[in-house]
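Shown here: input_12.cif, mmCIF, C-alpha atoms and all ligand atoms.
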```cif
data_target
loop_
_atom_site.label_atom_id
_atom_site.label_comp_id
_atom_site.auth_asym_id
_atom_site.auth_seq_id
_atom_site.Cartn_x
_atom_site.Cartn_y
_atom_site.Cartn_z
CA MET A 1 -19.98 4.65 8.10
CA ILE A 2 -16.93 6.90 8.18
CA VAL A 3 -15.28 7.11 11.62
CA LEU A 4 -13.58 10.44 12.37
CA LYS A 5 -10.63 10.30 14.78
CA ASN A 6 -9.91 12.80 17.53
CA SER A 7 -6.40 14.03 18.32
CA ARG A 8 -5.81 11.32 20.93
CA GLU A 9 -6.76 8.64 18.39
CA LEU A 10 -4.64 10.27 15.70
CA ALA A 11 -1.66 10.14 18.07
CA LYS A 12 -2.21 6.40 18.48
CA MET A 13 -2.50 5.97 14.75
CA ARG A 14 0.78 7.79 14.29
CA GLU A 15 2.45 5.28 16.65
CA ALA A 16 0.90 2.31 14.80
CA GLY A 17 1.97 3.96 11.55
CA ARG A 18 5.53 4.30 12.79
CA VAL A 19 5.72 0.58 13.60
CA SER A 20 4.28 -0.25 10.17
CA ALA A 21 6.71 2.06 8.41
CA ARG A 22 9.74 0.71 10.26
CA ALA A 23 8.68 -2.86 9.51
CA LEU A 24 8.38 -1.92 5.85
CA ARG A 25 11.80 -0.30 5.86
CA LEU A 26 13.33 -3.45 7.37
CA ALA A 27 11.58 -5.54 4.72
CA GLY A 28 13.14 -3.34 2.05
CA GLU A 29 16.59 -3.81 3.55
CA ALA A 30 16.05 -7.58 3.40
CA VAL A 31 15.21 -7.55 -0.32
CA GLN A 32 18.31 -9.10 -1.93
CA PRO A 33 18.96 -11.70 -4.61
CA GLY A 34 18.79 -15.18 -3.05
CA VAL A 35 16.45 -14.23 -0.21
CA THR A 36 13.05 -15.93 -0.03
CA THR A 37 9.84 -14.00 0.51
CA ALA A 38 9.24 -16.16 3.61
CA GLU A 39 12.46 -14.78 5.11
CA ILE A 40 11.28 -11.21 4.49
CA ASP A 41 7.95 -12.03 6.10
CA ALA A 42 9.77 -13.35 9.16
CA VAL A 43 11.71 -10.06 9.48
CA VAL A 44 8.43 -8.14 9.39
CA ARG A 45 6.69 -10.35 11.93
CA ARG A 46 9.61 -10.35 14.36
CA TYR A 47 9.87 -6.56 14.30
CA ILE A 48 6.15 -5.87 14.70
CA GLU A 49 5.72 -8.37 17.52
CA GLY A 50 8.89 -7.07 19.19
CA GLN A 51 7.22 -3.64 19.35
CA GLY A 52 4.24 -5.10 21.23
CA ALA A 53 2.09 -4.74 18.10
CA LYS A 54 0.25 -7.28 15.96
CA PRO A 55 0.73 -7.82 12.22
CA SER A 56 -2.59 -6.58 10.83
CA PHE A 57 -2.66 -9.02 7.95
CA LEU A 58 -1.84 -12.23 9.85
CA GLY A 59 -5.06 -14.22 9.86
CA TYR A 60 -7.05 -11.38 8.24
CA GLY A 61 -9.65 -13.16 6.12
CA GLY A 62 -7.46 -16.23 6.58
CA PHE A 63 -4.29 -14.62 5.13
CA PRO A 64 -1.42 -16.85 6.32
CA ALA A 65 1.39 -14.30 6.77
CA SER A 66 2.34 -10.89 8.19
CA ALA A 67 3.27 -9.21 4.91
CA CYS A 68 1.92 -9.44 1.39
CA ILE A 69 4.94 -9.84 -0.89
CA SER A 70 4.18 -9.47 -4.57
CA VAL A 71 6.97 -10.01 -7.12
CA ASN A 72 7.01 -8.60 -10.69
CA ASN A 73 3.65 -9.45 -12.34
CA VAL A 74 2.01 -10.05 -8.95
CA VAL A 75 -0.08 -6.95 -8.22
CA ILE A 76 -0.99 -7.52 -4.56
CA HIS A 77 -1.64 -10.21 -1.93
CA GLY A 78 1.36 -12.36 -2.79
CA ILE A 79 1.76 -15.04 -0.10
CA PRO A 80 5.30 -15.24 1.31
CA SER A 81 6.90 -18.61 0.53
CA LYS A 82 10.15 -20.49 1.04
CA LYS A 83 9.82 -21.42 -2.63
CA ILE A 84 9.88 -17.84 -3.91
CA VAL A 85 13.55 -16.87 -4.16
CA LEU A 86 14.25 -13.28 -5.21
CA LYS A 87 16.60 -12.68 -8.09
CA GLU A 88 18.47 -9.71 -9.48
CA GLY A 89 16.11 -7.43 -11.41
CA ASP A 90 12.91 -8.38 -9.59
CA ILE A 91 10.58 -5.69 -8.35
CA VAL A 92 9.16 -6.62 -4.97
CA SER A 93 6.03 -5.00 -3.58
CA VAL A 94 5.75 -5.39 0.19
CA ASP A 95 2.53 -4.42 1.98
CA VAL A 96 2.67 -4.28 5.78
CA GLY A 97 0.16 -3.36 8.46
CA ALA A 98 0.61 -3.20 12.22
CA CYS A 99 -1.98 -2.86 14.94
CA LEU A 100 -0.82 -1.08 18.10
CA ASP A 101 -3.02 -0.03 21.01
CA GLY A 102 -6.17 -0.68 18.99
CA PHE A 103 -5.26 1.16 15.79
CA HIS A 104 -3.80 0.08 12.46
CA GLY A 105 -1.17 1.55 10.20
CA ASP A 106 -1.02 0.29 6.63
CA ASN A 107 1.71 0.94 4.07
CA ALA A 108 3.38 -0.53 1.01
CA TYR A 109 6.45 0.03 -1.15
CA THR A 110 7.86 -1.57 -4.27
CA PHE A 111 11.57 -2.34 -3.78
CA ALA A 112 14.15 -3.04 -6.47
CA CYS A 113 16.06 -6.30 -6.02
CA GLY A 114 19.55 -5.38 -7.14
CA LYS A 115 19.63 -3.58 -10.47
CA VAL A 116 16.27 -3.46 -12.28
CA SER A 117 15.47 -2.57 -15.90
CA ALA A 118 14.88 1.04 -16.88
CA GLN A 119 11.27 0.11 -17.67
CA ALA A 120 10.74 -1.37 -14.21
CA GLN A 121 12.32 1.67 -12.56
CA ALA A 122 10.12 4.03 -14.57
CA LEU A 123 6.97 2.16 -13.49
CA MET A 124 8.05 2.27 -9.86
CA ASP A 125 8.90 5.98 -10.05
CA ALA A 126 5.59 6.88 -11.67
CA THR A 127 3.60 4.86 -9.15
CA ARG A 128 5.42 6.38 -6.16
CA LYS A 129 5.04 9.91 -7.52
CA SER A 130 1.33 9.33 -8.20
CA LEU A 131 0.91 8.43 -4.52
CA TYR A 132 2.53 11.67 -3.35
CA ALA A 133 0.51 13.71 -5.84
CA ALA A 134 -2.65 12.03 -4.53
CA ILE A 135 -1.69 12.75 -0.92
CA GLU A 136 -1.32 16.43 -1.80
CA ALA A 137 -4.81 16.36 -3.31
CA ALA A 138 -6.27 14.96 -0.07
CA LYS A 139 -7.08 18.32 1.50
CA ALA A 140 -10.03 18.89 3.80
CA GLY A 141 -12.95 19.98 1.63
CA ALA A 142 -11.74 18.08 -1.43
CA ARG A 143 -13.45 14.84 -2.47
CA ILE A 144 -12.47 11.22 -2.88
CA GLY A 145 -12.65 11.69 -6.66
CA ASP A 146 -9.89 14.29 -6.44
CA ILE A 147 -7.55 11.63 -5.03
CA GLY A 148 -8.35 8.96 -7.61
CA SER A 149 -8.34 11.30 -10.57
CA THR A 150 -4.92 12.62 -9.51
CA VAL A 151 -3.44 9.11 -9.58
CA GLN A 152 -5.21 8.24 -12.81
CA ARG A 153 -4.15 11.38 -14.65
CA TYR A 154 -0.54 11.04 -13.51
CA VAL A 155 -0.04 7.43 -14.55
CA GLU A 156 -2.20 7.33 -17.68
CA ALA A 157 -0.20 10.29 -19.04
CA ARG A 158 2.78 7.91 -18.87
CA ASN A 159 0.88 5.06 -20.56
CA TYR A 160 0.39 2.97 -17.43
CA SER A 161 -2.95 1.67 -16.22
CA VAL A 162 -4.80 1.83 -12.91
CA VAL A 163 -6.02 -1.41 -11.34
CA ARG A 164 -9.80 -1.16 -10.93
CA ASP A 165 -10.61 -4.29 -8.93
CA PHE A 166 -8.79 -3.19 -5.75
CA VAL A 167 -8.84 0.22 -4.07
CA GLY A 168 -7.61 2.12 -1.03
CA HIS A 169 -9.73 2.45 2.07
CA GLY A 170 -10.43 4.11 5.37
CA VAL A 171 -8.27 2.76 8.20
CA GLY A 172 -8.41 3.08 11.97
CA ALA A 173 -9.59 0.68 14.66
CA LYS A 174 -10.34 -1.60 11.70
CA LEU A 175 -7.88 -2.34 8.94
CA HIS A 176 -10.52 -1.63 6.31
CA GLU A 177 -13.07 1.10 7.01
CA ASP A 178 -15.20 3.38 4.88
CA PRO A 179 -14.76 5.12 2.56
CA SER A 180 -13.34 3.26 -0.44
CA VAL A 181 -10.50 5.22 -2.02
CA PRO A 182 -10.23 4.26 -5.71
CA ASN A 183 -7.17 5.19 -7.73
CA PHE A 184 -9.41 6.44 -10.53
CA GLY A 185 -12.33 8.82 -10.61
CA THR A 186 -13.71 12.22 -11.45
CA PRO A 187 -12.49 15.45 -9.82
CA GLY A 188 -15.06 16.98 -7.48
CA ARG A 189 -17.04 13.75 -7.10
CA GLY A 190 -17.50 11.39 -4.20
CA VAL A 191 -17.31 11.65 -0.43
CA ARG A 192 -16.07 14.98 0.92
CA LEU A 193 -12.82 14.79 2.91
CA LEU A 194 -13.18 16.00 6.50
CA PRO A 195 -10.63 16.62 9.26
CA GLY A 196 -10.26 13.46 11.34
CA MET A 197 -10.69 11.08 8.40
CA THR A 198 -7.86 8.56 8.13
CA ILE A 199 -7.40 6.77 4.82
CA ALA A 200 -4.93 4.48 3.08
CA ILE A 201 -4.11 5.72 -0.41
CA GLU A 202 -2.53 2.90 -2.41
CA PRO A 203 -2.06 3.16 -6.17
CA MET A 204 -1.65 -0.23 -7.85
CA ILE A 205 -0.31 0.56 -11.30
CA ASN A 206 0.28 -1.81 -14.21
CA GLN A 207 2.67 -1.60 -17.13
CA GLY A 208 0.07 -3.08 -19.50
CA THR A 209 -3.62 -3.82 -19.08
CA HIS A 210 -5.43 -2.79 -15.91
CA ARG A 211 -7.05 -6.22 -15.80
CA VAL A 212 -5.98 -8.66 -13.10
CA LYS A 213 -6.73 -12.24 -12.17
CA ILE A 214 -6.63 -14.11 -8.89
CA LEU A 215 -4.76 -17.41 -8.70
CA ASP A 216 -6.11 -20.67 -7.26
CA ASP A 217 -4.70 -19.86 -3.80
CA GLU A 218 -7.49 -17.21 -3.72
CA TRP A 219 -5.04 -14.45 -2.76
CA THR A 220 -2.25 -13.94 -5.28
CA THR A 221 -3.45 -11.29 -7.72
CA VAL A 222 -1.52 -11.06 -10.99
CA THR A 223 -1.69 -8.87 -14.08
CA ALA A 224 -3.84 -10.49 -16.78
CA ASP A 225 -1.10 -9.96 -19.38
CA GLY A 226 1.88 -10.99 -17.22
CA LYS A 227 3.45 -7.50 -17.32
CA LEU A 228 4.84 -5.71 -14.26
CA SER A 229 2.87 -4.01 -11.51
CA ALA A 230 3.91 -1.60 -8.72
CA HIS A 231 2.23 -0.63 -5.45
CA TYR A 232 2.89 2.17 -2.95
CA GLU A 233 0.76 3.06 0.03
CA HIS A 234 0.62 5.44 2.97
CA THR A 235 -1.94 5.86 5.71
CA ILE A 236 -2.77 9.56 6.01
CA ALA A 237 -4.94 11.82 8.16
CA ILE A 238 -7.01 14.66 6.76
CA THR A 239 -6.35 17.69 8.99
CA PRO A 240 -7.33 21.36 8.87
CA SER A 241 -3.72 22.19 8.02
CA GLY A 242 -3.48 19.64 5.19
CA PRO A 243 -2.87 15.93 4.73
CA GLN A 244 -0.49 14.29 7.20
CA ILE A 245 1.28 11.00 6.52
CA LEU A 246 0.89 8.67 9.53
CA THR A 247 3.10 5.85 8.25
CA LEU A 248 6.46 7.57 8.73
CA ALA A 249 9.47 5.64 10.04
CA ASP A 250 11.06 8.66 11.71
MG MG B 301 -4.28 -1.01 2.36
#
```
With the file now loaded, output its structure as structure tokens.
Amino acid sequence: MIVLKNSRELAKMREAGRVSARALRLAGEAVQPGVTTAEIDAVVRRYIEGQGAKPSFLGYGGFPASACISVNNVVIHGIPSKKIVLKEGDIVSVDVGACLDGFHGDNAYTFACGKVSAQAQALMDATRKSLYAAIEAAKAGARIGDIGSTVQRYVEARNYSVVRDFVGHGVGAKLHEDPSVPNFGTPGRGVRLLPGMTIAIEPMINQGTHRVKILDDEWTTVTADGKLSAHYEHTIAITPSGPQILTLAD
């Protein structure tokens, strides 16, 4: 069931989105060679809790941390650890959600740790741009397939691949709501986008194969071929005047 939000609820989601976005920005500032992913997680948790909000991911399905931190070939759901020390050239995907006053904001960004290779930068740029292209496609009256096909066309034209096993989602009073928002699809197909729908669009884009595997910790999801992966995400609202990003820091 898709839950439409009224203007009062959208205002709350914008506040939750702001906390999520600021936590993500702080995480990005903490990404440096020599820093552990546990330290970045602590920055995220401290900020979110300091705002009177709750980290959406902490305890979700048993997830043990406030942020998912996924380095290089890790696609998503990397578990922060004192043993994972960032080094120059890593690409670091941080996914952060915050719940404030009953509503969630969900966003992600892949940060460069120091200077990264041209190939890594190109993957990050293409993934980020595919997100913004997809947001533009998320107009009232369009369909879910218009979002996914926009991501797919953009990245496949650059010889990257779209992860199939994980998708974006509705977001609101629950972290994951209907509908599913795949990063692939057919234009004009799928659920119609209506004003008041709030969705997380989150392209997960691989340098090589789209196939992924999940490690024995049952969370960490890596590329099947060991190549790099990038991940960007915003929570947006469908409105009569066009898509609005809710996860904005300012
Ligand atoms: Mg999400």
Mind checking which residues fall within 8 Å of segment 38-52 of chain A, counting only C-alpha atoms, ignoring those fewer than 4 positions away in the same chain, and posting them as a compact mmCIF listing (two decimals) with C-alpha atoms, keeping the file's coordinate frame?
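Final file, selection-v6.txt:
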```txt
# COMPACT_ATOMS: atom_id res chain seq x y z
CA VAL A 19 5.72 0.58 13.60
CA SER A 20 4.28 -0.25 10.17
CA ALA A 23 8.68 -2.86 9.51
CA LEU A 24 8.38 -1.92 5.85
CA LEU A 26 13.33 -3.45 7.37
CA ALA A 27 11.58 -5.54 4.72
CA ALA A 30 16.05 -7.58 3.40
CA VAL A 31 15.21 -7.55 -0.32
CA ALA A 65 1.39 -14.30 6.77
CA SER A 66 2.34 -10.89 8.19
CA ALA A 67 3.27 -9.21 4.91
CA ILE A 69 4.94 -9.84 -0.89
CA PRO A 80 5.30 -15.24 1.31
CA SER A 81 6.90 -18.61 0.53
CA LYS A 82 10.15 -20.49 1.04
CA ILE A 84 9.88 -17.84 -3.91
CA VAL A 96 2.67 -4.28 5.78
CA ALA A 98 0.61 -3.20 12.22
CA LEU A 100 -0.82 -1.08 18.10
```
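Proximity ranking of A:Gly28, A:Gly141, A:Gly62, A:Pro203 relative to ligand MG 301 (chain B) places A:Pro203 first, based on all atoms listed in the file.
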Practice item. Using all atoms listed in the file, find each protein or nucleic acid residue lying at most 7 Å from ligand MG 301 (chain B); present the set as a ChimeraX atom specification. Key: /A:106-107,168-169,200,202,233
Exercise for review: Find the residues with any atom within 12 Å of (-3.9, 9.6, 4.5); use only C-alpha atoms and the coordinates as given in the file, and write the answer as a ChimeraX atom specification.
Suggested key: /A:10,13-14,17,105-107,131-140,144,147,168-172,179,181,193-202,233-239,242-248
Could you please take those selected residues and save C-alpha atoms as a CSV table (one decimal), keeping the file's coordinate frame?
```
chain,number,residue,atom,x,y,z
A,10,LEU,CA,-4.6,10.3,15.7
A,13,MET,CA,-2.5,6.0,14.8
A,14,ARG,CA,0.8,7.8,14.3
A,17,GLY,CA,2.0,4.0,11.6
A,105,GLY,CA,-1.2,1.6,10.2
A,106,ASP,CA,-1.0,0.3,6.6
A,107,ASN,CA,1.7,0.9,4.1
A,131,LEU,CA,0.9,8.4,-4.5
A,132,TYR,CA,2.5,11.7,-3.4
A,133,ALA,CA,0.5,13.7,-5.8
A,134,ALA,CA,-2.6,12.0,-4.5
A,135,ILE,CA,-1.7,12.8,-0.9
A,136,GLU,CA,-1.3,16.4,-1.8
A,137,ALA,CA,-4.8,16.4,-3.3
A,138,ALA,CA,-6.3,15.0,-0.1
A,139,LYS,CA,-7.1,18.3,1.5
A,140,ALA,CA,-10.0,18.9,3.8
A,144,ILE,CA,-12.5,11.2,-2.9
A,147,ILE,CA,-7.6,11.6,-5.0
A,168,GLY,CA,-7.6,2.1,-1.0
A,169,HIS,CA,-9.7,2.4,2.1
A,170,GLY,CA,-10.4,4.1,5.4
A,171,VAL,CA,-8.3,2.8,8.2
A,172,GLY,CA,-8.4,3.1,12.0
A,179,PRO,CA,-14.8,5.1,2.6
A,181,VAL,CA,-10.5,5.2,-2.0
A,193,LEU,CA,-12.8,14.8,2.9
A,194,LEU,CA,-13.2,16.0,6.5
A,195,PRO,CA,-10.6,16.6,9.3
A,196,GLY,CA,-10.3,13.5,11.3
A,197,MET,CA,-10.7,11.1,8.4
A,198,THR,CA,-7.9,8.6,8.1
A,199,ILE,CA,-7.4,6.8,4.8
A,200,ALA,CA,-4.9,4.5,3.1
A,201,ILE,CA,-4.1,5.7,-0.4
A,202,GLU,CA,-2.5,2.9,-2.4
A,233,GLU,CA,0.8,3.1,0.0
A,234,HIS,CA,0.6,5.4,3.0
A,235,THR,CA,-1.9,5.9,5.7
A,236,ILE,CA,-2.8,9.6,6.0
A,237,ALA,CA,-4.9,11.8,8.2
A,238,ILE,CA,-7.0,14.7,6.8
A,239,THR,CA,-6.4,17.7,9.0
A,242,GLY,CA,-3.5,19.6,5.2
A,243,PRO,CA,-2.9,15.9,4.7
A,244,GLN,CA,-0.5,14.3,7.2
A,245,ILE,CA,1.3,11.0,6.5
A,246,LEU,CA,0.9,8.7,9.5
A,247,THR,CA,3.1,5.8,8.2
A,248,LEU,CA,6.5,7.6,8.7
```
Check your understanding: What's the 12 Å shell around Glu218 of chain A, counting all atoms listed in the file, without same-chain residues fewer than 6 positions away, as number ranges by chain?
Key -> A: 61-64, 76-79
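Candidate residues A:Met1, A:Met204, A:Ile214, A:Ala126 were compared for distance to Asn183 of chain A, and the nearest is A:Met204, using all atoms listed in the file.
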